[in-house]
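The file input11.cif comes next; it holds mmCIF, C-alpha atoms.
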data_protein
#
loop_
_atom_site.group_PDB
_atom_site.id
_atom_site.type_symbol
_atom_site.label_atom_id
_atom_site.label_comp_id
_atom_site.auth_asym_id
_atom_site.auth_seq_id
_atom_site.Cartn_x
_atom_site.Cartn_y
_atom_site.Cartn_z
ATOM 1 C CA MET A 135 -33.122 28.175 8.002
ATOM 2 C CA THR A 136 -31.072 25.127 8.829
ATOM 3 C CA GLY A 137 -32.336 23.056 11.715
ATOM 4 C CA LYS A 138 -28.799 22.953 13.149
ATOM 5 C CA THR A 139 -28.024 24.961 16.266
ATOM 6 C CA TRP A 140 -24.477 25.852 15.208
ATOM 7 C CA ALA A 141 -23.700 27.573 11.893
ATOM 8 C CA TYR A 142 -20.661 29.697 11.029
ATOM 9 C CA GLU A 143 -22.311 32.837 12.417
ATOM 10 C CA ASP A 144 -22.721 31.304 15.874
ATOM 11 C CA PHE A 145 -19.019 31.018 16.659
ATOM 12 C CA VAL A 146 -17.682 34.045 18.540
ATOM 13 C CA GLU A 147 -13.982 34.818 18.691
ATOM 14 C CA GLY A 148 -12.713 34.379 22.237
ATOM 15 C CA ALA A 149 -15.706 32.341 23.365
ATOM 16 C CA SER A 150 -15.266 28.977 25.087
ATOM 17 C CA LEU A 151 -17.394 25.858 24.759
ATOM 18 C CA ASP A 152 -17.639 23.102 27.348
ATOM 19 C CA LEU A 153 -16.826 19.717 25.786
ATOM 20 C CA GLY A 154 -18.209 17.724 28.722
ATOM 21 C CA THR A 155 -16.449 14.774 30.332
ATOM 22 C CA LYS A 156 -15.229 11.314 29.313
ATOM 23 C CA HIS A 157 -14.220 8.464 31.604
ATOM 24 C CA VAL A 158 -11.370 6.398 30.184
ATOM 25 C CA SER A 159 -11.471 2.685 31.001
ATOM 26 C CA ALA A 160 -8.637 0.177 30.793
ATOM 27 C CA ALA A 161 -10.767 -1.952 28.452
ATOM 28 C CA GLU A 162 -11.215 0.796 25.874
ATOM 29 C CA ILE A 163 -7.526 1.782 26.042
ATOM 30 C CA ILE A 164 -6.579 -1.823 25.289
ATOM 31 C CA GLU A 165 -9.239 -2.217 22.575
ATOM 32 C CA PHE A 166 -8.092 0.864 20.657
ATOM 33 C CA ALA A 167 -4.419 -0.015 21.042
ATOM 34 C CA SER A 168 -4.953 -3.611 19.920
ATOM 35 C CA GLU A 169 -6.331 -2.342 16.640
ATOM 36 C CA PHE A 170 -4.199 0.731 15.961
ATOM 37 C CA ASP A 171 -1.226 1.198 18.305
ATOM 38 C CA ALA A 172 -0.103 -2.048 19.918
ATOM 39 C CA GLN A 173 2.830 -0.630 21.874
ATOM 40 C CA PRO A 174 3.190 -2.390 25.263
ATOM 41 C CA MET A 175 2.393 0.684 27.411
ATOM 42 C CA HIS A 176 -1.031 0.896 25.736
ATOM 43 C CA LEU A 177 -1.823 -2.813 26.222
ATOM 44 C CA ASP A 178 -0.562 -3.825 29.633
ATOM 45 C CA GLU A 179 -0.577 -2.230 33.088
ATOM 46 C CA ALA A 180 2.855 -3.580 34.064
ATOM 47 C CA ALA A 181 4.444 -2.423 30.807
ATOM 48 C CA GLY A 182 2.814 0.981 31.268
ATOM 49 C CA LYS A 183 4.177 1.258 34.825
ATOM 50 C CA ALA A 184 7.647 0.384 33.532
ATOM 51 C CA SER A 185 7.471 3.058 30.810
ATOM 52 C CA ILE A 186 7.904 6.816 31.158
ATOM 53 C CA LEU A 187 4.085 7.059 31.035
ATOM 54 C CA GLY A 188 3.779 5.492 34.490
ATOM 55 C CA GLY A 189 0.746 3.277 33.905
ATOM 56 C CA LEU A 190 -1.594 1.779 31.335
ATOM 57 C CA SER A 191 -2.028 4.799 29.098
ATOM 58 C CA ALA A 192 -4.136 5.626 26.079
ATOM 59 C CA SER A 193 -2.519 5.872 22.661
ATOM 60 C CA GLY A 194 -2.176 9.531 21.751
ATOM 61 C CA TRP A 195 -4.358 8.778 18.748
ATOM 62 C CA HIS A 196 -6.992 7.325 21.051
ATOM 63 C CA THR A 197 -6.966 10.608 22.977
ATOM 64 C CA CYS A 198 -7.476 12.442 19.664
ATOM 65 C CA ALA A 199 -10.405 10.140 18.875
ATOM 66 C CA MET A 200 -11.943 10.625 22.332
ATOM 67 C CA PHE A 201 -11.589 14.400 21.914
ATOM 68 C CA MET A 202 -13.393 14.120 18.565
ATOM 69 C CA ARG A 203 -16.242 12.181 20.177
ATOM 70 C CA MET A 204 -16.516 14.816 22.932
ATOM 71 C CA MET A 205 -16.648 17.545 20.274
ATOM 72 C CA CYS A 206 -19.304 15.611 18.306
ATOM 73 C CA ASP A 207 -21.478 15.216 21.391
ATOM 74 C CA ALA A 208 -20.982 18.796 22.582
ATOM 75 C CA PHE A 209 -21.960 20.573 19.352
ATOM 76 C CA LEU A 210 -20.458 19.246 16.133
ATOM 77 C CA LEU A 211 -23.265 16.841 15.198
ATOM 78 C CA ASP A 212 -25.687 19.733 15.689
ATOM 79 C CA SER A 213 -23.711 22.063 13.425
ATOM 80 C CA THR A 214 -23.156 22.836 9.748
ATOM 81 C CA ALA A 215 -19.604 21.377 9.947
ATOM 82 C CA GLN A 216 -18.005 20.516 6.605
ATOM 83 C CA GLY A 217 -14.835 18.879 7.915
ATOM 84 C CA ALA A 218 -11.344 20.223 8.345
ATOM 85 C CA PRO A 219 -8.286 20.285 6.090
ATOM 86 C CA GLY A 220 -6.025 19.154 8.887
ATOM 87 C CA VAL A 221 -4.629 19.905 12.312
ATOM 88 C CA ASP A 222 -2.155 22.672 13.110
ATOM 89 C CA HIS A 223 -0.685 20.839 16.081
ATOM 90 C CA VAL A 224 -1.397 18.250 18.734
ATOM 91 C CA LYS A 225 0.370 18.210 22.092
ATOM 92 C CA TRP A 226 0.183 15.066 24.230
ATOM 93 C CA LYS A 227 1.224 16.914 27.364
ATOM 94 C CA LYS A 228 0.704 14.238 30.018
ATOM 95 C CA PRO A 229 -0.289 10.567 29.952
ATOM 96 C CA VAL A 230 -3.999 9.711 29.810
ATOM 97 C CA LEU A 231 -4.229 6.771 32.211
ATOM 98 C CA ALA A 232 -6.826 4.052 32.750
ATOM 99 C CA GLY A 233 -9.400 5.366 35.220
ATOM 100 C CA ASP A 234 -8.912 9.026 34.311
ATOM 101 C CA THR A 235 -11.886 11.274 33.704
ATOM 102 C CA LEU A 236 -11.204 13.872 31.050
ATOM 103 C CA SER A 237 -12.976 17.188 30.716
ATOM 104 C CA GLY A 238 -12.688 19.379 27.667
ATOM 105 C CA LYS A 239 -12.797 23.009 26.682
ATOM 106 C CA LEU A 240 -12.819 24.522 23.214
ATOM 107 C CA THR A 241 -11.795 28.138 22.638
ATOM 108 C CA ILE A 242 -12.592 29.972 19.411
ATOM 109 C CA LEU A 243 -9.377 31.643 18.255
ATOM 110 C CA GLY A 244 -10.693 33.359 15.144
ATOM 111 C CA LYS A 245 -13.002 33.097 12.147
ATOM 112 C CA ARG A 246 -13.271 34.300 8.571
ATOM 113 C CA GLN A 247 -15.373 33.579 5.521
ATOM 114 C CA SER A 248 -13.731 31.706 2.676
ATOM 115 C CA ARG A 249 -12.811 33.959 -0.236
ATOM 116 C CA SER A 250 -13.261 31.254 -2.841
ATOM 117 C CA ARG A 251 -16.407 29.734 -1.298
ATOM 118 C CA PRO A 252 -18.377 32.461 0.533
ATOM 119 C CA GLU A 253 -20.951 29.924 1.720
ATOM 120 C CA VAL A 254 -18.237 28.428 3.945
ATOM 121 C CA GLY A 255 -16.629 29.984 7.004
ATOM 122 C CA LEU A 256 -13.383 28.912 8.602
ATOM 123 C CA VAL A 257 -13.288 28.708 12.382
ATOM 124 C CA SER A 258 -9.953 28.342 14.172
ATOM 125 C CA MET A 259 -10.057 26.661 17.543
ATOM 126 C CA ARG A 260 -7.926 25.414 20.404
ATOM 127 C CA ALA A 261 -9.096 22.340 22.292
ATOM 128 C CA GLU A 262 -7.777 21.391 25.702
ATOM 129 C CA LEU A 263 -8.419 18.258 27.755
ATOM 130 C CA PHE A 264 -7.813 18.099 31.506
ATOM 131 C CA ASN A 265 -7.720 15.093 33.828
ATOM 132 C CA GLN A 266 -9.487 14.804 37.193
ATOM 133 C CA HIS A 267 -6.484 16.475 38.870
ATOM 134 C CA GLY A 268 -6.941 19.565 36.694
ATOM 135 C CA GLU A 269 -3.797 18.790 34.697
ATOM 136 C CA ASN A 270 -3.820 19.778 31.024
ATOM 137 C CA VAL A 271 -3.113 16.486 29.241
ATOM 138 C CA PHE A 272 -3.909 17.387 25.613
ATOM 139 C CA GLU A 273 -3.974 20.427 23.368
ATOM 140 C CA LEU A 274 -4.954 20.695 19.737
ATOM 141 C CA GLU A 275 -5.361 23.599 17.353
ATOM 142 C CA ASN A 276 -7.046 23.432 13.988
ATOM 143 C CA THR A 277 -9.372 25.181 11.599
ATOM 144 C CA ALA A 278 -12.711 23.673 10.648
ATOM 145 C CA MET A 279 -15.215 24.611 7.943
ATOM 146 C CA PHE A 280 -18.860 25.466 8.666
ATOM 147 C CA LEU A 281 -21.608 26.489 6.272
ATOM 148 C CA THR A 282 -23.199 29.876 6.866
ATOM 149 C CA ARG A 283 -26.773 29.764 8.120
ATOM 150 C CA GLU A 284 -28.067 31.010 4.777
ATOM 151 C CA ALA A 285 -26.081 28.446 2.759
ATOM 152 C CA ALA A 286 -27.270 25.624 5.013
ATOM 153 C CA ALA A 287 -30.927 26.649 4.654
ATOM 154 C CA MET B 178 22.230 -5.172 22.940
ATOM 155 C CA THR B 179 18.521 -4.681 22.645
ATOM 156 C CA GLY B 180 16.686 -7.289 20.631
ATOM 157 C CA LYS B 181 14.908 -4.560 18.715
ATOM 158 C CA THR B 182 15.858 -3.922 15.099
ATOM 159 C CA TRP B 183 15.352 -0.162 15.288
ATOM 160 C CA ALA B 184 17.113 2.020 17.873
ATOM 161 C CA TYR B 185 17.903 5.735 17.638
ATOM 162 C CA GLU B 186 21.161 5.055 15.779
ATOM 163 C CA ASP B 187 19.377 3.244 12.949
ATOM 164 C CA PHE B 188 17.450 6.239 11.650
ATOM 165 C CA VAL B 189 19.278 8.066 8.856
ATOM 166 C CA GLU B 190 18.417 11.613 7.885
ATOM 167 C CA GLY B 191 16.895 11.676 4.397
ATOM 168 C CA ALA B 192 16.133 7.940 4.356
ATOM 169 C CA SER B 193 12.656 6.653 3.507
ATOM 170 C CA LEU B 194 10.804 3.694 4.983
ATOM 171 C CA ASP B 195 8.014 1.799 3.271
ATOM 172 C CA LEU B 196 4.913 1.674 5.489
ATOM 173 C CA GLY B 197 3.204 -1.040 3.453
ATOM 174 C CA THR B 198 -0.421 -0.983 2.369
ATOM 175 C CA LYS B 199 -3.833 -0.904 4.024
ATOM 176 C CA HIS B 200 -7.201 -1.634 2.422
ATOM 177 C CA VAL B 201 -9.992 0.530 3.830
ATOM 178 C CA SER B 202 -13.403 -1.136 4.026
ATOM 179 C CA ALA B 203 -16.796 0.526 4.387
ATOM 180 C CA ALA B 204 -17.415 -1.555 7.521
ATOM 181 C CA GLU B 205 -14.350 -0.276 9.336
ATOM 182 C CA ILE B 206 -15.025 3.333 8.305
ATOM 183 C CA ILE B 207 -18.518 3.045 9.795
ATOM 184 C CA GLU B 208 -17.304 1.220 12.917
ATOM 185 C CA PHE B 209 -14.701 3.877 13.764
ATOM 186 C CA ALA B 210 -17.078 6.743 13.003
ATOM 187 C CA SER B 211 -19.882 5.241 15.073
ATOM 188 C CA GLU B 212 -17.642 5.324 18.109
ATOM 189 C CA PHE B 213 -15.662 8.533 17.604
ATOM 190 C CA ASP B 214 -16.870 10.759 14.758
ATOM 191 C CA ALA B 215 -20.518 10.146 13.866
ATOM 192 C CA GLN B 216 -20.791 12.765 11.137
ATOM 193 C CA PRO B 217 -23.101 11.575 8.312
ATOM 194 C CA MET B 218 -20.379 11.440 5.617
ATOM 195 C CA HIS B 219 -18.483 8.894 7.723
ATOM 196 C CA LEU B 220 -21.544 6.695 8.354
ATOM 197 C CA ASP B 221 -23.546 6.575 5.172
ATOM 198 C CA GLU B 222 -22.701 6.243 1.466
ATOM 199 C CA ALA B 223 -25.495 8.573 0.318
ATOM 200 C CA ALA B 224 -24.574 11.249 2.853
ATOM 201 C CA GLY B 225 -20.943 10.936 1.807
ATOM 202 C CA LYS B 226 -21.855 11.328 -1.865
ATOM 203 C CA ALA B 227 -23.864 14.458 -1.007
ATOM 204 C CA SER B 228 -20.943 15.967 0.926
ATOM 205 C CA ILE B 229 -17.843 17.652 -0.453
ATOM 206 C CA LEU B 230 -15.998 14.363 0.244
ATOM 207 C CA GLY B 231 -17.849 12.614 -2.588
ATOM 208 C CA GLY B 232 -18.453 9.236 -0.961
ATOM 209 C CA LEU B 233 -18.391 7.261 2.268
ATOM 210 C CA SER B 234 -15.139 8.570 3.693
ATOM 211 C CA ALA B 235 -13.005 7.779 6.706
ATOM 212 C CA SER B 236 -12.883 10.186 9.621
ATOM 213 C CA GLY B 237 -9.616 12.073 9.486
ATOM 214 C CA TRP B 238 -8.860 10.615 12.922
ATOM 215 C CA HIS B 239 -9.450 7.132 11.531
ATOM 216 C CA THR B 240 -6.854 7.865 8.856
ATOM 217 C CA CYS B 241 -4.447 8.933 11.621
ATOM 218 C CA ALA B 242 -5.158 5.685 13.465
ATOM 219 C CA MET B 243 -4.667 3.588 10.305
ATOM 220 C CA PHE B 244 -1.374 5.399 9.671
ATOM 221 C CA MET B 245 -0.302 4.545 13.232
ATOM 222 C CA ARG B 246 -1.118 0.885 12.657
ATOM 223 C CA MET B 247 0.875 0.895 9.414
ATOM 224 C CA MET B 248 3.820 2.454 11.266
ATOM 225 C CA CYS B 249 3.526 -0.119 14.077
ATOM 226 C CA ASP B 250 3.555 -3.000 11.614
ATOM 227 C CA ALA B 251 6.354 -1.541 9.483
ATOM 228 C CA PHE B 252 8.883 -0.931 12.263
ATOM 229 C CA LEU B 253 7.620 0.758 15.420
ATOM 230 C CA LEU B 254 6.802 -2.395 17.384
ATOM 231 C CA ASP B 255 10.305 -3.629 16.592
ATOM 232 C CA SER B 256 11.947 -0.409 17.801
ATOM 233 C CA THR B 257 13.011 1.315 21.019
ATOM 234 C CA ALA B 258 10.202 3.905 20.611
ATOM 235 C CA GLN B 259 9.339 5.887 23.739
ATOM 236 C CA GLY B 260 6.339 7.760 22.378
ATOM 237 C CA ALA B 261 6.024 11.278 21.034
ATOM 238 C CA PRO B 262 5.179 14.613 22.656
ATOM 239 C CA GLY B 263 2.731 15.472 19.905
ATOM 240 C CA VAL B 264 2.273 16.127 16.218
ATOM 241 C CA ASP B 265 3.571 19.151 14.327
ATOM 242 C CA HIS B 266 0.830 19.034 11.720
ATOM 243 C CA VAL B 267 -1.631 16.757 9.982
ATOM 244 C CA LYS B 268 -2.983 17.449 6.498
ATOM 245 C CA TRP B 269 -6.062 15.568 5.305
ATOM 246 C CA LYS B 270 -5.373 16.373 1.670
ATOM 247 C CA LYS B 271 -7.997 14.232 -0.070
ATOM 248 C CA PRO B 272 -10.849 12.023 1.109
ATOM 249 C CA VAL B 273 -10.050 8.427 2.081
ATOM 250 C CA LEU B 274 -12.976 6.522 0.606
ATOM 251 C CA ALA B 275 -14.416 3.071 1.216
ATOM 252 C CA GLY B 276 -12.586 0.605 -1.026
ATOM 253 C CA ASP B 277 -9.374 2.623 -1.187
ATOM 254 C CA THR B 278 -6.027 0.950 -0.695
ATOM 255 C CA LEU B 279 -3.537 3.202 1.055
ATOM 256 C CA SER B 280 0.215 2.917 0.813
ATOM 257 C CA GLY B 281 2.566 4.776 3.095
ATOM 258 C CA LYS B 282 6.020 6.272 3.127
ATOM 259 C CA LEU B 283 7.978 7.698 6.036
ATOM 260 C CA THR B 284 10.871 10.086 5.479
ATOM 261 C CA ILE B 285 13.379 10.887 8.215
ATOM 262 C CA LEU B 286 13.739 14.669 8.338
ATOM 263 C CA GLY B 287 16.347 14.916 11.068
ATOM 264 C CA LYS B 288 17.564 13.542 14.389
ATOM 265 C CA ARG B 289 19.333 14.678 17.531
ATOM 266 C CA GLN B 290 20.090 13.328 20.976
ATOM 267 C CA SER B 291 18.182 14.839 23.878
ATOM 268 C CA ARG B 292 20.306 17.246 25.910
ATOM 269 C CA SER B 293 18.493 16.524 29.162
ATOM 270 C CA ARG B 294 18.205 12.747 28.623
ATOM 271 C CA PRO B 295 21.163 11.525 26.521
ATOM 272 C CA GLU B 296 19.774 7.973 26.478
ATOM 273 C CA VAL B 297 16.946 9.272 24.275
ATOM 274 C CA GLY B 298 17.165 10.488 20.698
ATOM 275 C CA LEU B 299 14.579 12.596 18.900
ATOM 276 C CA VAL B 300 13.721 11.614 15.337
ATOM 277 C CA SER B 301 11.707 13.999 13.158
ATOM 278 C CA MET B 302 9.691 12.407 10.404
ATOM 279 C CA ARG B 303 7.212 13.112 7.654
ATOM 280 C CA ALA B 304 4.638 10.450 6.849
ATOM 281 C CA GLU B 305 2.655 10.394 3.616
ATOM 282 C CA LEU B 306 -0.215 8.144 2.590
ATOM 283 C CA PHE B 307 -1.254 7.657 -1.031
ATOM 284 C CA ASN B 308 -4.361 6.037 -2.490
ATOM 285 C CA GLN B 309 -4.459 3.490 -5.326
ATOM 286 C CA HIS B 310 -4.508 6.367 -7.862
ATOM 287 C CA GLY B 311 -1.187 7.646 -6.513
ATOM 288 C CA GLU B 312 -2.841 10.676 -4.926
ATOM 289 C CA ASN B 313 -1.328 11.965 -1.692
ATOM 290 C CA VAL B 314 -4.261 11.856 0.740
ATOM 291 C CA PHE B 315 -2.513 12.410 4.085
ATOM 292 C CA GLU B 316 0.604 14.060 5.442
ATOM 293 C CA LEU B 317 1.878 14.219 9.005
ATOM 294 C CA GLU B 318 5.036 15.540 10.594
ATOM 295 C CA ASN B 319 6.149 14.824 14.108
ATOM 296 C CA THR B 320 9.089 14.014 16.332
ATOM 297 C CA ALA B 321 9.272 10.730 18.189
ATOM 298 C CA MET B 322 11.613 9.535 20.943
ATOM 299 C CA PHE B 323 13.762 6.410 20.649
ATOM 300 C CA LEU B 324 16.233 4.946 23.132
ATOM 301 C CA THR B 325 19.799 4.607 21.978
ATOM 302 C CA ARG B 326 20.978 1.066 21.418
ATOM 303 C CA GLU B 327 23.184 1.227 24.495
ATOM 304 C CA ALA B 328 20.402 2.573 26.730
ATOM 305 C CA ALA B 329 18.005 -0.123 25.530
ATOM 306 C CA ALA B 330 20.467 -2.921 26.207
#

Represent the structure of the file as structure tokens.
Amino acid sequence: MTGKTWAYEDFVEGASLDLGTKHVSAAEIIEFASEFDAQPMHLDEAAGKASILGGLSASGWHTCAMFMRMMCDAFLLDSTAQGAPGVDHVKWKKPVLAGDTLSGKLTILGKRQSRSRPEVGLVSMRAELFNQHGENVFELENTAMFLTREAAA
Amino acid sequence: MTGKTWAYEDFVEGASLDLGTKHVSAAEIIEFASEFDAQPMHLDEAAGKASILGGLSASGWHTCAMFMRMMCDAFLLDSTAQGAPGVDHVKWKKPVLAGDTLSGKLTILGKRQSRSRPEVGLVSMRAELFNQHGENVFELENTAMFLTREAAA
């Protein structure tokens, strides 16, 4: 038996997982943007206010990274995860602004065992992040690989 | 006239842009993963070697962030970019390993002016990153918004 709580068998189609919450500070928005996405609306409050985003706003890639951290903390680091071949889509639906508190939900869309590698199962999921006003700011769908409980033993 | 080199009019369907190169160090792989994606194969050489990735490998989200930085440096910060509503797909085709040097290419797939906001044009693009062996490690397609030259004036 693997010591991990989450193996392929533990994901149930239609089930939802709580991804917890994440406060987004101006400092971390600026730090991420300075390294990876130095567009003015991600670096400066006045430039953000002047843009269509309406305030100092996180790079969309920063939101992806924060989602990943939420998923790691919620269950992924305690799972048999083997990575993912990619992402089916990402929707940056509303700006993520400095001071926002995000909450996340993951819904299992489907699952199947790999034909070529039966020790691996593929789990399709939709992730959604909401801000403190209940607005859906982010959606992502992808398929990740998890070892079966037996293979991880 | 805007002072920016790249406005909506400057993107040509079928044209390719060079995204330059990016060396990927073990230290930056570990730094990104520690904050956003603390799976063992992104933190530790031995764990990476034991995984299907075959070595200390960048989080897929780190690769997205490095791509964004390459795009910023190549042209985006000198453009009328207004952000993007999301990403159509991302493919993490091969591991990005510590010591790799990535090179990037952007191909313009199509463009059209927004019907609801004629001052904005939508540019669809495919980005590809290659490692020093010429292997395609990453592919992304999305549509980004750019002001027209007149609107940005």

Give me the least-squares superposed chain A (reference chain B; all C-alpha atoms paired in order) as a compact mmCIF listing (two decimals) with C-alpha atoms, keeping the file's coordinate frame.
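Result file follows (out-v4.txt):
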# COMPACT_ATOMS: atom_id res chain seq x y z
CA MET A 135 22.24 -5.17 23.00
CA THR A 136 18.52 -4.67 22.65
CA GLY A 137 16.71 -7.31 20.65
CA LYS A 138 14.91 -4.56 18.71
CA THR A 139 15.85 -3.93 15.10
CA TRP A 140 15.35 -0.16 15.28
CA ALA A 141 17.12 2.02 17.86
CA TYR A 142 17.90 5.74 17.62
CA GLU A 143 21.16 5.06 15.77
CA ASP A 144 19.38 3.24 12.94
CA PHE A 145 17.45 6.24 11.65
CA VAL A 146 19.28 8.06 8.85
CA GLU A 147 18.41 11.61 7.88
CA GLY A 148 16.89 11.67 4.41
CA ALA A 149 16.13 7.95 4.37
CA SER A 150 12.65 6.67 3.52
CA LEU A 151 10.80 3.70 4.99
CA ASP A 152 8.01 1.80 3.28
CA LEU A 153 4.91 1.69 5.50
CA GLY A 154 3.21 -1.04 3.46
CA THR A 155 -0.43 -0.97 2.39
CA LYS A 156 -3.86 -0.89 4.04
CA HIS A 157 -7.21 -1.63 2.42
CA VAL A 158 -10.00 0.53 3.83
CA SER A 159 -13.42 -1.14 4.02
CA ALA A 160 -16.80 0.52 4.39
CA ALA A 161 -17.42 -1.56 7.52
CA GLU A 162 -14.35 -0.28 9.34
CA ILE A 163 -15.03 3.33 8.31
CA ILE A 164 -18.52 3.05 9.79
CA GLU A 165 -17.31 1.23 12.92
CA PHE A 166 -14.71 3.88 13.76
CA ALA A 167 -17.09 6.74 13.00
CA SER A 168 -19.90 5.23 15.08
CA GLU A 169 -17.64 5.31 18.11
CA PHE A 170 -15.66 8.52 17.61
CA ASP A 171 -16.88 10.74 14.75
CA ALA A 172 -20.52 10.14 13.86
CA GLN A 173 -20.80 12.77 11.14
CA PRO A 174 -23.09 11.57 8.31
CA MET A 175 -20.37 11.44 5.61
CA HIS A 176 -18.48 8.89 7.73
CA LEU A 177 -21.54 6.69 8.35
CA ASP A 178 -23.55 6.57 5.16
CA GLU A 179 -22.69 6.25 1.46
CA ALA A 180 -25.49 8.57 0.30
CA ALA A 181 -24.57 11.25 2.83
CA GLY A 182 -20.93 10.93 1.79
CA LYS A 183 -21.85 11.33 -1.89
CA ALA A 184 -23.86 14.44 -1.02
CA SER A 185 -20.94 15.97 0.91
CA ILE A 186 -17.82 17.65 -0.46
CA LEU A 187 -15.99 14.36 0.24
CA GLY A 188 -17.84 12.62 -2.60
CA GLY A 189 -18.46 9.24 -0.96
CA LEU A 190 -18.39 7.27 2.27
CA SER A 191 -15.14 8.57 3.69
CA ALA A 192 -13.02 7.77 6.71
CA SER A 193 -12.89 10.18 9.62
CA GLY A 194 -9.62 12.07 9.49
CA TRP A 195 -8.88 10.62 12.91
CA HIS A 196 -9.46 7.14 11.54
CA THR A 197 -6.86 7.87 8.85
CA CYS A 198 -4.46 8.94 11.62
CA ALA A 199 -5.16 5.68 13.46
CA MET A 200 -4.67 3.60 10.30
CA PHE A 201 -1.37 5.41 9.67
CA MET A 202 -0.31 4.56 13.23
CA ARG A 203 -1.13 0.88 12.68
CA MET A 204 0.88 0.90 9.43
CA MET A 205 3.82 2.47 11.28
CA CYS A 206 3.53 -0.11 14.09
CA ASP A 207 3.56 -2.99 11.63
CA ALA A 208 6.35 -1.54 9.49
CA PHE A 209 8.89 -0.93 12.27
CA LEU A 210 7.62 0.76 15.42
CA LEU A 211 6.80 -2.39 17.40
CA ASP A 212 10.31 -3.62 16.60
CA SER A 213 11.95 -0.41 17.82
CA THR A 214 13.02 1.32 21.03
CA ALA A 215 10.21 3.90 20.61
CA GLN A 216 9.33 5.88 23.74
CA GLY A 217 6.33 7.77 22.38
CA ALA A 218 6.01 11.27 21.04
CA PRO A 219 5.17 14.61 22.65
CA GLY A 220 2.75 15.49 19.90
CA VAL A 221 2.26 16.13 16.21
CA ASP A 222 3.57 19.15 14.32
CA HIS A 223 0.82 19.02 11.72
CA VAL A 224 -1.64 16.75 9.98
CA LYS A 225 -2.98 17.45 6.50
CA TRP A 226 -6.07 15.57 5.31
CA LYS A 227 -5.38 16.37 1.67
CA LYS A 228 -8.00 14.24 -0.07
CA PRO A 229 -10.85 12.02 1.10
CA VAL A 230 -10.05 8.43 2.08
CA LEU A 231 -12.98 6.52 0.59
CA ALA A 232 -14.42 3.06 1.22
CA GLY A 233 -12.59 0.61 -1.03
CA ASP A 234 -9.37 2.62 -1.19
CA THR A 235 -6.02 0.95 -0.69
CA LEU A 236 -3.54 3.20 1.05
CA SER A 237 0.22 2.92 0.81
CA GLY A 238 2.57 4.77 3.10
CA LYS A 239 6.02 6.26 3.12
CA LEU A 240 7.97 7.70 6.04
CA THR A 241 10.87 10.09 5.48
CA ILE A 242 13.38 10.89 8.21
CA LEU A 243 13.73 14.67 8.34
CA GLY A 244 16.33 14.93 11.08
CA LYS A 245 17.56 13.54 14.39
CA ARG A 246 19.35 14.67 17.53
CA GLN A 247 20.09 13.31 20.97
CA SER A 248 18.21 14.83 23.88
CA ARG A 249 20.33 17.23 25.91
CA SER A 250 18.54 16.50 29.17
CA ARG A 251 18.23 12.74 28.62
CA PRO A 252 21.18 11.51 26.51
CA GLU A 253 19.79 7.97 26.47
CA VAL A 254 16.95 9.27 24.28
CA GLY A 255 17.15 10.49 20.69
CA LEU A 256 14.58 12.58 18.90
CA VAL A 257 13.72 11.61 15.34
CA SER A 258 11.70 14.00 13.17
CA MET A 259 9.68 12.41 10.41
CA ARG A 260 7.20 13.12 7.65
CA ALA A 261 4.62 10.46 6.85
CA GLU A 262 2.65 10.41 3.62
CA LEU A 263 -0.23 8.15 2.58
CA PHE A 264 -1.25 7.67 -1.05
CA ASN A 265 -4.36 6.05 -2.50
CA GLN A 266 -4.45 3.49 -5.33
CA HIS A 267 -4.49 6.36 -7.86
CA GLY A 268 -1.17 7.65 -6.51
CA GLU A 269 -2.84 10.68 -4.94
CA ASN A 270 -1.33 11.98 -1.69
CA VAL A 271 -4.27 11.86 0.73
CA PHE A 272 -2.52 12.41 4.08
CA GLU A 273 0.60 14.05 5.45
CA LEU A 274 1.86 14.21 9.00
CA GLU A 275 5.02 15.53 10.59
CA ASN A 276 6.14 14.83 14.12
CA THR A 277 9.07 14.02 16.33
CA ALA A 278 9.27 10.72 18.19
CA MET A 279 11.61 9.53 20.95
CA PHE A 280 13.77 6.40 20.65
CA LEU A 281 16.23 4.94 23.13
CA THR A 282 19.82 4.61 21.96
CA ARG A 283 20.99 1.05 21.40
CA GLU A 284 23.21 1.22 24.48
CA ALA A 285 20.43 2.57 26.73
CA ALA A 286 18.02 -0.11 25.51
CA ALA A 287 20.52 -2.91 26.20

**Study point:** Exercise: Met247 (chain B) partners within 9 Å, only C-alpha atoms, chain neighbours under 3 positions left out, as a ChimeraX atom specification
**Key:** /A:170 /B:196-199,242-244,250-252,280-281

Practice item. Would you mind listing what lies within 10 Å of region 286-300 of chain B as a PyMOL selection string, with all atoms listed in the file counted and same-chain residues fewer than 3 positions away left out? Key: chain B and resi 184-186+188-193+257-259+261+283+303+318-329

Can I get the selection written as a short mmCIF file (atom, residue, chain, number, x, y, z; two decimals), in the frame of the given file, with C-alpha atoms?
data_model
loop_
_atom_site.label_atom_id
_atom_site.label_comp_id
_atom_site.auth_asym_id
_atom_site.auth_seq_id
_atom_site.Cartn_x
_atom_site.Cartn_y
_atom_site.Cartn_z
CA ALA B 184 17.11 2.02 17.87
CA TYR B 185 17.90 5.74 17.64
CA GLU B 186 21.16 5.06 15.78
CA PHE B 188 17.45 6.24 11.65
CA VAL B 189 19.28 8.07 8.86
CA GLU B 190 18.42 11.61 7.88
CA GLY B 191 16.90 11.68 4.40
CA ALA B 192 16.13 7.94 4.36
CA SER B 193 12.66 6.65 3.51
CA THR B 257 13.01 1.32 21.02
CA ALA B 258 10.20 3.90 20.61
CA GLN B 259 9.34 5.89 23.74
CA ALA B 261 6.02 11.28 21.03
CA LEU B 283 7.98 7.70 6.04
CA ARG B 303 7.21 13.11 7.65
CA GLU B 318 5.04 15.54 10.59
CA ASN B 319 6.15 14.82 14.11
CA THR B 320 9.09 14.01 16.33
CA ALA B 321 9.27 10.73 18.19
CA MET B 322 11.61 9.54 20.94
CA PHE B 323 13.76 6.41 20.65
CA LEU B 324 16.23 4.95 23.13
CA THR B 325 19.80 4.61 21.98
CA ARG B 326 20.98 1.07 21.42
CA GLU B 327 23.18 1.23 24.50
CA ALA B 328 20.40 2.57 26.73
CA ALA B 329 18.00 -0.12 25.53
#
